[in-house]
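Asks: My file is data_14.csv. It has CSV, C-alpha atoms:
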```csv
chain,number,residue,atom,x,y,z
A,1,MET,CA,-21.1,-21.2,26.8
A,2,ARG,CA,-20.2,-24.8,27.5
A,3,LYS,CA,-19.6,-26.9,24.4
A,4,ASP,CA,-21.6,-29.9,25.9
A,5,ASN,CA,-24.6,-27.6,26.2
A,6,PRO,CA,-24.4,-24.6,24.0
A,7,GLY,CA,-27.6,-23.2,25.5
A,8,PHE,CA,-26.2,-23.0,29.0
A,9,VAL,CA,-25.1,-19.6,30.1
A,10,PRO,CA,-22.8,-20.1,33.1
A,11,ASP,CA,-22.8,-16.4,34.2
A,12,SER,CA,-26.5,-16.0,33.8
A,13,PRO,CA,-28.2,-14.9,37.1
A,14,PHE,CA,-30.7,-17.7,36.8
A,15,GLN,CA,-28.4,-20.4,35.5
A,16,ARG,CA,-30.9,-21.7,32.9
A,17,SER,CA,-30.7,-23.3,29.5
A,18,LEU,CA,-31.9,-21.4,26.4
A,19,PRO,CA,-33.6,-23.1,23.5
A,20,LYS,CA,-31.3,-23.8,20.6
A,21,GLU,CA,-33.4,-21.6,18.3
A,22,TRP,CA,-32.8,-18.7,20.6
A,23,ILE,CA,-29.0,-19.3,20.6
A,24,ASP,CA,-29.0,-19.6,16.8
A,25,PHE,CA,-30.9,-16.4,16.4
A,26,PHE,CA,-28.8,-14.4,18.9
A,27,SER,CA,-25.7,-15.7,17.2
A,28,SER,CA,-26.7,-15.1,13.6
A,29,PHE,CA,-28.6,-11.8,13.3
A,30,PRO,CA,-26.4,-8.9,12.2
A,31,LYS,CA,-25.1,-6.6,15.0
A,32,VAL,CA,-23.0,-3.6,15.8
A,33,GLU,CA,-20.8,-3.3,18.9
A,34,LEU,CA,-20.5,0.3,20.0
A,35,HIS,CA,-19.0,-0.1,23.5
A,36,CYS,CA,-15.9,-2.2,23.2
A,37,HIS,CA,-12.7,-1.5,25.2
A,38,LEU,CA,-9.8,-2.9,23.1
A,39,LEU,CA,-7.8,-4.1,26.1
A,40,GLY,CA,-10.8,-5.8,27.5
A,41,THR,CA,-11.0,-8.2,24.5
A,42,THR,CA,-7.6,-9.8,25.3
A,43,GLY,CA,-8.0,-13.5,25.5
A,44,LYS,CA,-6.2,-15.5,28.2
A,45,ASP,CA,-4.0,-17.3,25.7
A,46,THR,CA,-3.0,-14.0,24.1
A,47,PHE,CA,-2.4,-12.5,27.5
A,48,GLU,CA,-0.1,-15.3,28.4
A,49,ASP,CA,1.8,-15.0,25.1
A,50,LEU,CA,2.2,-11.2,25.5
A,51,VAL,CA,3.5,-11.6,29.0
A,52,LYS,CA,6.2,-14.0,27.7
A,53,GLU,CA,7.1,-11.8,24.7
A,54,SER,CA,7.3,-8.6,26.7
A,55,GLY,CA,9.2,-10.2,29.6
A,56,ALA,CA,6.8,-8.7,32.1
A,57,ASP,CA,7.1,-10.1,35.6
A,58,ILE,CA,3.6,-11.4,36.0
A,59,PRO,CA,3.1,-14.8,37.6
A,60,GLN,CA,0.7,-17.3,36.1
A,61,SER,CA,-1.3,-17.2,39.3
A,62,THR,CA,-2.1,-13.5,38.7
A,63,ILE,CA,-3.1,-14.2,35.1
A,64,ASP,CA,-5.4,-17.0,36.3
A,65,GLU,CA,-7.0,-14.7,38.8
A,66,PHE,CA,-7.6,-12.1,36.1
A,67,TYR,CA,-9.6,-14.7,34.1
A,68,THR,CA,-11.5,-16.2,37.0
A,69,ARG,CA,-15.1,-15.1,37.7
A,70,GLY,CA,-15.9,-15.2,41.4
A,71,GLU,CA,-19.3,-14.8,43.0
A,72,LYS,CA,-19.1,-11.1,42.3
A,73,PRO,CA,-17.0,-9.4,39.5
A,74,VAL,CA,-14.1,-7.3,40.6
A,75,GLY,CA,-14.0,-5.3,37.4
A,76,VAL,CA,-11.5,-5.2,34.6
A,77,LEU,CA,-9.7,-1.9,35.2
A,78,ARG,CA,-6.8,-3.5,37.0
A,79,ILE,CA,-6.3,-5.8,34.0
A,80,PHE,CA,-6.2,-2.8,31.7
A,81,ARG,CA,-3.7,-1.1,33.9
A,82,THR,CA,-1.5,-4.2,34.0
A,83,LEU,CA,-1.5,-4.4,30.2
A,84,GLU,CA,-0.7,-0.7,29.8
A,85,SER,CA,2.0,-0.5,32.4
A,86,GLN,CA,3.9,-3.8,31.9
A,87,ILE,CA,2.9,-5.8,28.9
A,88,LEU,CA,2.0,-3.8,25.7
A,89,SER,CA,5.5,-2.8,25.0
A,90,LYS,CA,5.2,-3.2,21.2
A,91,PRO,CA,2.7,-1.7,18.7
A,92,GLU,CA,2.3,-5.1,17.1
A,93,PHE,CA,0.7,-6.4,20.3
A,94,LEU,CA,-2.2,-3.9,19.7
A,95,LYS,CA,-2.6,-5.1,16.2
A,96,ARG,CA,-2.9,-8.7,17.4
A,97,ILE,CA,-5.5,-7.9,20.0
A,98,THR,CA,-7.5,-5.9,17.5
A,99,PHE,CA,-7.4,-8.6,14.8
A,100,GLU,CA,-8.3,-11.4,17.1
A,101,HIS,CA,-11.4,-9.7,18.4
A,102,MET,CA,-12.5,-8.9,14.9
A,103,LYS,CA,-12.4,-12.6,14.2
A,104,ARG,CA,-14.3,-13.3,17.4
A,105,VAL,CA,-17.1,-10.9,16.7
A,106,ALA,CA,-17.4,-12.0,13.1
A,107,GLU,CA,-18.4,-15.4,14.4
A,108,GLN,CA,-21.2,-13.7,16.3
A,109,SER,CA,-22.4,-11.8,13.1
A,110,VAL,CA,-21.1,-8.4,14.2
A,111,ARG,CA,-20.8,-6.2,11.1
A,112,TYR,CA,-19.5,-3.0,12.6
A,113,ILE,CA,-17.4,-2.4,15.8
A,114,GLU,CA,-15.8,0.6,17.5
A,115,PHE,CA,-12.8,0.1,19.8
A,116,TYR,CA,-12.0,2.4,22.7
A,117,TRP,CA,-8.3,2.5,23.5
A,118,ASN,CA,-6.2,4.6,25.9
A,119,TRP,CA,-2.9,6.0,24.6
A,120,THR,CA,-2.0,8.0,27.8
A,121,GLY,CA,-1.4,4.7,29.6
A,122,LEU,CA,0.8,3.4,26.7
A,123,LYS,CA,2.9,6.5,25.9
A,124,HIS,CA,5.8,5.3,28.0
A,125,PHE,CA,6.0,2.4,25.5
A,126,MET,CA,5.1,4.0,22.2
A,127,ASN,CA,4.1,7.2,20.5
A,128,PHE,CA,0.5,7.8,19.3
A,129,GLU,CA,1.2,7.5,15.6
A,130,ASP,CA,2.7,4.0,16.0
A,131,ALA,CA,-0.1,2.9,18.4
A,132,GLN,CA,-2.8,4.1,16.0
A,133,LYS,CA,-1.1,2.6,13.0
A,134,ALA,CA,-1.0,-0.8,14.7
A,135,ILE,CA,-4.7,-0.7,15.6
A,136,VAL,CA,-5.7,0.5,12.1
A,137,GLU,CA,-3.7,-2.4,10.6
A,138,GLY,CA,-5.7,-4.8,12.8
A,139,LEU,CA,-8.9,-3.2,11.7
A,140,GLU,CA,-8.0,-3.3,8.0
A,141,ASP,CA,-6.9,-7.0,8.3
A,142,GLY,CA,-10.1,-7.8,10.1
A,143,GLU,CA,-12.3,-6.2,7.5
A,144,ARG,CA,-10.4,-7.9,4.7
A,145,GLU,CA,-10.5,-11.3,6.4
A,146,PHE,CA,-13.9,-11.3,8.1
A,147,GLY,CA,-15.9,-8.5,6.5
A,148,VAL,CA,-16.3,-6.6,9.8
A,149,ILE,CA,-16.0,-2.8,9.6
A,150,GLY,CA,-14.0,-1.5,12.5
A,151,ARG,CA,-13.3,2.0,13.8
A,152,SER,CA,-10.9,3.5,16.4
A,153,VAL,CA,-12.0,5.8,19.2
A,154,PRO,CA,-9.1,7.0,21.4
A,155,ALA,CA,-10.2,7.6,25.0
A,156,ILE,CA,-9.2,10.1,27.6
A,157,ASP,CA,-7.7,8.6,30.8
A,158,ARG,CA,-9.9,10.3,33.3
A,159,GLU,CA,-7.5,9.2,36.1
A,160,ALA,CA,-4.8,11.2,34.4
A,161,SER,CA,-4.5,15.0,34.0
A,162,ALA,CA,-6.5,17.4,31.9
A,163,GLU,CA,-3.2,18.2,30.1
A,164,ASP,CA,-2.7,14.6,29.2
A,165,ALA,CA,-6.2,14.7,27.6
A,166,VAL,CA,-5.4,17.7,25.5
A,167,GLU,CA,-2.1,16.1,24.4
A,168,LEU,CA,-4.1,13.1,23.2
A,169,VAL,CA,-6.4,15.2,21.1
A,170,GLN,CA,-3.5,17.1,19.7
A,171,GLU,CA,-2.0,13.8,18.6
A,172,MET,CA,-5.3,12.7,17.1
A,173,ILE,CA,-5.3,16.0,15.0
A,174,ILE,CA,-1.7,15.8,13.9
A,175,HIS,CA,-1.9,12.1,13.0
A,176,ARG,CA,-5.5,12.2,11.7
A,177,HIS,CA,-6.8,8.9,10.2
A,178,PRO,CA,-10.2,8.3,8.6
A,179,LYS,CA,-10.6,5.2,10.8
A,180,THR,CA,-10.2,7.2,14.0
A,181,ILE,CA,-13.7,8.8,14.2
A,182,GLY,CA,-14.1,10.2,17.7
A,183,LEU,CA,-12.9,10.8,21.3
A,184,GLY,CA,-14.1,8.9,24.3
A,185,ILE,CA,-13.2,8.9,28.0
A,186,ASP,CA,-12.8,5.9,30.3
A,187,TYR,CA,-11.5,4.6,33.6
A,188,ARG,CA,-13.1,5.2,37.0
A,189,GLU,CA,-15.7,7.9,37.0
A,190,THR,CA,-15.8,8.5,40.8
A,191,ASN,CA,-14.1,11.8,41.6
A,192,HIS,CA,-13.1,12.2,38.0
A,193,GLU,CA,-16.0,14.4,36.6
A,194,PRO,CA,-16.2,14.8,32.8
A,195,GLU,CA,-16.0,18.6,33.0
A,196,ASN,CA,-12.4,18.4,34.1
A,197,PHE,CA,-11.6,17.6,30.5
A,198,TRP,CA,-13.6,20.3,28.8
A,199,LYS,CA,-10.7,21.7,26.9
A,200,ALA,CA,-9.9,18.4,25.3
A,201,PHE,CA,-13.5,17.8,24.3
A,202,LYS,CA,-13.8,21.3,22.9
A,203,LEU,CA,-10.6,20.8,20.8
A,204,ALA,CA,-11.8,17.5,19.5
A,205,LYS,CA,-15.3,18.8,18.7
A,206,GLU,CA,-13.8,21.8,16.8
A,207,ALA,CA,-11.6,19.4,14.8
A,208,GLY,CA,-14.7,17.4,13.7
A,209,PHE,CA,-14.4,14.3,15.9
A,210,LYS,CA,-17.5,12.8,17.4
A,211,ILE,CA,-17.7,12.7,21.2
A,212,THR,CA,-18.8,9.8,23.4
A,213,ILE,CA,-18.6,10.0,27.2
A,214,HIS,CA,-18.8,7.4,30.0
A,215,ALA,CA,-21.1,9.0,32.5
A,216,GLY,CA,-23.5,7.6,35.2
A,217,GLU,CA,-21.5,4.3,35.0
A,218,PHE,CA,-20.6,3.8,38.7
A,219,GLY,CA,-23.9,5.0,40.1
A,220,GLU,CA,-22.6,8.5,40.0
A,221,HIS,CA,-25.0,11.5,40.0
A,222,TRP,CA,-27.1,12.2,36.9
A,223,ARG,CA,-25.4,15.6,36.5
A,224,ASN,CA,-22.4,13.8,35.0
A,225,VAL,CA,-24.8,12.8,32.1
A,226,GLU,CA,-26.2,16.3,31.9
A,227,THR,CA,-22.7,17.9,31.9
A,228,SER,CA,-21.6,15.5,29.1
A,229,LEU,CA,-24.6,16.3,27.0
A,230,LYS,CA,-25.1,20.1,27.6
A,231,LEU,CA,-21.6,21.3,28.4
A,232,LEU,CA,-19.3,18.9,26.5
A,233,GLY,CA,-21.4,18.3,23.5
A,234,ALA,CA,-21.5,14.5,23.7
A,235,ASP,CA,-23.0,12.8,20.6
A,236,ARG,CA,-23.5,9.6,22.5
A,237,ILE,CA,-23.4,8.5,26.2
A,238,ASP,CA,-21.8,5.3,27.4
A,239,HIS,CA,-23.7,3.8,30.3
A,240,GLY,CA,-25.7,6.8,31.5
A,241,TYR,CA,-27.9,4.8,33.8
A,242,THR,CA,-28.5,7.5,36.5
A,243,ILE,CA,-30.3,9.7,34.0
A,244,ILE,CA,-33.4,7.9,35.2
A,245,ASP,CA,-33.1,9.9,38.4
A,246,ASN,CA,-33.9,13.0,36.4
A,247,PRO,CA,-37.1,12.3,34.3
A,248,GLU,CA,-36.9,15.7,32.6
A,249,LEU,CA,-33.4,15.1,31.4
A,250,ALA,CA,-34.3,11.6,30.3
A,251,GLU,CA,-37.2,13.0,28.3
A,252,GLU,CA,-35.0,15.6,26.7
A,253,ALA,CA,-32.4,13.0,25.7
A,254,HIS,CA,-35.3,10.9,24.2
A,255,ARG,CA,-36.6,13.9,22.3
A,256,ASN,CA,-33.1,14.7,21.0
A,257,ASP,CA,-32.5,11.1,19.9
A,258,VAL,CA,-29.4,10.7,22.1
A,259,HIS,CA,-28.1,7.2,21.9
A,260,PHE,CA,-26.9,5.3,25.0
A,261,ALA,CA,-24.4,2.5,24.7
A,262,VAL,CA,-25.4,0.5,27.7
A,263,VAL,CA,-23.8,-2.6,29.2
A,264,PRO,CA,-26.3,-4.8,31.2
A,265,THR,CA,-23.5,-6.7,32.7
A,266,ASN,CA,-21.8,-3.5,34.0
A,267,SER,CA,-19.8,-4.7,37.0
A,268,TYR,CA,-21.1,-1.9,39.4
A,269,TYR,CA,-24.6,-3.2,39.2
A,270,LEU,CA,-23.6,-6.8,39.2
A,271,ARG,CA,-22.0,-6.1,42.5
A,272,THR,CA,-24.9,-3.9,43.7
A,273,PHE,CA,-27.7,-6.3,43.1
A,274,THR,CA,-28.1,-10.0,44.0
A,275,ASP,CA,-28.3,-12.5,41.1
A,276,GLU,CA,-32.0,-12.7,41.7
A,277,GLU,CA,-32.5,-8.9,41.6
A,278,TRP,CA,-30.2,-8.1,38.6
A,279,ALA,CA,-32.5,-8.9,35.7
A,280,TYR,CA,-35.4,-6.8,36.9
A,281,LYS,CA,-33.7,-4.1,38.9
A,282,HIS,CA,-31.0,-3.1,36.5
A,283,LEU,CA,-31.5,0.6,35.5
A,284,VAL,CA,-31.4,-0.3,31.8
A,285,LYS,CA,-35.0,-1.6,32.2
A,286,LYS,CA,-36.1,1.8,33.4
A,287,MET,CA,-34.2,3.6,30.7
A,288,ALA,CA,-36.2,1.6,28.1
A,289,GLU,CA,-39.4,2.7,29.8
A,290,PHE,CA,-38.3,6.3,29.3
A,291,GLY,CA,-37.9,5.5,25.6
```
Could you write out this file's structure as structure tokens?

Replies:
Amino acid sequence: MRKDNPGFVPDSPFQRSLPKEWIDFFSSFPKVELHCHLLGTTGKDTFEDLVKESGADIPQSTIDEFYTRGEKPVGVLRIFRTLESQILSKPEFLKRITFEHMKRVAEQSVRYIEFYWNWTGLKHFMNFEDAQKAIVEGLEDGEREFGVIGRSVPAIDREASAEDAVELVQEMIIHRHPKTIGLGIDYRETNHEPENFWKAFKLAKEAGFKITIHAGEFGEHWRNVETSLKLLGADRIDHGYTIIDNPELAEEAHRNDVHFAVVPTNSYYLRTFTDEEWAYKHLVKKMAEFG
């Protein structure tokens, strides 16, 4: 939001000002954040610092492009991959990113937050134990400084192999920590169906970890949501929008009190709909009608 007009939302589809009392309310009421990708919280100043500290060969023009919103979003996955492949060479970088976002969300009255993070993309730099330790230290410092409770949810890289996923869960079990509470899965859903990773999810479930799965995110078929719930035992679904194409499945999810961690500004639908259509055509609205 612009400092000269704190009620102005520059990325809002309708570019309108909100009353100050609305802004104050939205900022102050207590919240939880259940769908937060750790690398996606990296601020531009921090990104620039980490590029310098790591010695990564990334020009300023590329960084500027990463942090520029055009008419339509291009998504953040390429930023995640750049961080994993070239920049996050030290565990302390993960600690810094974690701590900084804890401070950021505390200012918006977030009381509890879960961070998804992908070790498979980082293992050429560091082992799982060191990565987890750094993130946990960031969580602990954030809770001590800002009163925000944070938890870690390592995530399967669905663009990697099923064997990589199993390795991740094995590391979670060997280096078990009470702040690491579950297993997720992220990156591009298209052509990377959740059932490919059944063995990793089964292993995690048997070890007592909670399961949350990105499904129905990129407009993919509702069966990805069904598979996640009925075959893989997901406790929660991230996104899940296409469940509305199967009313019976939606009703079953409602009856079973399945929670969906949705993202109204999901880049797929921001690209799919015009600015004028977005607010009333986004599938989240239909999901709410299903209960």

Asks: I'd like to know which of A:Cys36, A:Arg188, A:Ser228, A:Asp130 is closest to Gly150 (chain A), using only C-alpha atoms.

Replies: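 Counting only C-alpha atoms, the residue closest to Gly150 (chain A) is A:Cys36.
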
Asks: With distances taken over only C-alpha atoms, which of A:Phe128, A:Phe26, A:Phe47, A:Phe66 is nearest to Gln108 (chain A)?

Replies: A:Phe26

Asks: For Lys90 (chain A), which residue among A:His177, A:His124, A:Arg111, A:Lys103 is the nearest when counting only C-alpha atoms?

Replies: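 Selected residue with least distance to Lys90 (chain A): A:His124.
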
Asks: Rounded to one decimal place, report the CA of Asp24 (chain A)-CA of Arg104 (chain A) distance in Å.

Replies: 16.0 Å

Asks: Choose the residue, out of A:Gly121, A:Ala131, A:Pro59, A:Gly138, that has the smallest atom-to-atom separation from Arg96 (chain A); count all atoms listed in the file.

Replies: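 For Arg96 (chain A), the nearest of the given residues is A:Gly138.
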
Asks: So, with all atoms listed in the file as the atoms that count, which of A:Phe80, A:Tyr67, A:Phe260, A:Phe146 lies closest to Tyr112 (chain A)?

Replies: A:Phe146

Asks: Which residues come within 8 Å of Ala162 (chain A), counting only C-alpha atoms, excluding same-chain residues fewer than 5 positions away, as a VMD selection string?

Replies: chain A and resid 196 to 197 199 to 200

Asks: Could you work out how far CA of Glu220 (chain A) lies from CA of Lys202 (chain A), giving the answer in Å with one decimal?

Replies: 23.1 Å

Asks: Quick one: pull the distance between CA of Tyr241 (chain A) and CA of Ala155 (chain A), Å, one decimal.

Replies: 20.0 Å

Asks: Between region 181-237 of chain A and region 278-284 of chain A, at 12 Å or less, what are the per-residue closest atom pairs and their distances in Å? Count all atoms listed in the file, order by chain and rising residue number, and return it as JSON lines.

Replies:
```
{"residue": "A:Gly216", "atom": "CA", "partner": "A:Leu283", "partner_atom": "CA", "distance": 10.6}
{"residue": "A:Glu217", "atom": "CA", "partner": "A:Leu283", "partner_atom": "CA", "distance": 10.7}
{"residue": "A:Phe218", "atom": "CA", "partner": "A:Leu283", "partner_atom": "CA", "distance": 11.8}
{"residue": "A:Gly219", "atom": "CA", "partner": "A:Leu283", "partner_atom": "CA", "distance": 9.9}
```

Asks: Show which residues sit within 8 Å of region 232-237 of chain A, as a ChimeraX atom specification. Count all atoms listed in the file, and ignore same-chain residues fewer than 5 positions away.

Replies: /A:195,198,201-202,205,210-215,225,227,258-261

Asks: Some atoms are absent from region 206-228 of chain A, so rebuild N, CA and C atoms and return them as a compact mmCIF listing (two decimals), keeping the file's coordinate frame.

Replies:
```
# COMPACT_ATOMS: atom_id res chain seq x y z
N GLU A 206 -14.15 20.78 17.80
CA GLU A 206 -13.80 21.80 16.80
C GLU A 206 -13.06 21.15 15.62
N ALA A 207 -12.35 20.06 15.90
CA ALA A 207 -11.60 19.40 14.80
C ALA A 207 -12.47 18.41 14.04
N GLY A 208 -13.73 18.27 14.44
CA GLY A 208 -14.70 17.40 13.70
C GLY A 208 -14.80 16.01 14.17
N PHE A 209 -14.22 15.70 15.32
CA PHE A 209 -14.40 14.30 15.90
C PHE A 209 -15.72 14.23 16.60
N LYS A 210 -16.30 13.06 16.57
CA LYS A 210 -17.50 12.80 17.40
C LYS A 210 -17.06 12.61 18.84
N ILE A 211 -18.02 12.81 19.75
CA ILE A 211 -17.70 12.70 21.20
C ILE A 211 -18.65 11.71 21.84
N THR A 212 -18.05 10.77 22.58
CA THR A 212 -18.80 9.80 23.40
C THR A 212 -18.20 9.79 24.78
N ILE A 213 -19.04 9.80 25.80
CA ILE A 213 -18.60 10.00 27.20
C ILE A 213 -19.16 8.95 28.11
N HIS A 214 -18.30 8.30 28.88
CA HIS A 214 -18.80 7.40 30.00
C HIS A 214 -19.26 8.30 31.10
N ALA A 215 -20.52 8.16 31.45
CA ALA A 215 -21.10 9.00 32.50
C ALA A 215 -22.24 8.16 33.16
N GLY A 216 -22.42 8.33 34.47
CA GLY A 216 -23.50 7.60 35.20
C GLY A 216 -23.16 6.10 35.20
N GLU A 217 -21.88 5.75 35.11
CA GLU A 217 -21.50 4.30 35.00
C GLU A 217 -21.42 3.69 36.40
N PHE A 218 -20.81 4.37 37.36
CA PHE A 218 -20.60 3.80 38.70
C PHE A 218 -21.59 4.24 39.70
N GLY A 219 -22.81 4.47 39.24
CA GLY A 219 -23.90 5.00 40.10
C GLY A 219 -23.67 6.41 40.49
N GLU A 220 -22.85 7.13 39.71
CA GLU A 220 -22.60 8.50 40.00
C GLU A 220 -23.79 9.40 39.59
N HIS A 221 -23.83 10.61 40.10
CA HIS A 221 -25.00 11.50 40.00
C HIS A 221 -25.33 11.77 38.49
N TRP A 222 -26.63 11.96 38.25
CA TRP A 222 -27.10 12.20 36.90
C TRP A 222 -26.49 13.48 36.28
N ARG A 223 -25.98 14.39 37.12
CA ARG A 223 -25.40 15.60 36.50
C ARG A 223 -24.21 15.31 35.67
N ASN A 224 -23.53 14.16 35.87
CA ASN A 224 -22.40 13.80 35.00
C ASN A 224 -22.94 13.55 33.55
N VAL A 225 -24.14 13.00 33.46
CA VAL A 225 -24.80 12.80 32.10
C VAL A 225 -25.15 14.15 31.56
N GLU A 226 -25.77 14.99 32.38
CA GLU A 226 -26.20 16.30 31.90
C GLU A 226 -25.00 17.14 31.45
N THR A 227 -23.93 17.14 32.24
CA THR A 227 -22.70 17.90 31.90
C THR A 227 -22.17 17.37 30.54
N SER A 228 -22.16 16.06 30.37
CA SER A 228 -21.60 15.50 29.10
C SER A 228 -22.43 15.93 27.92
```
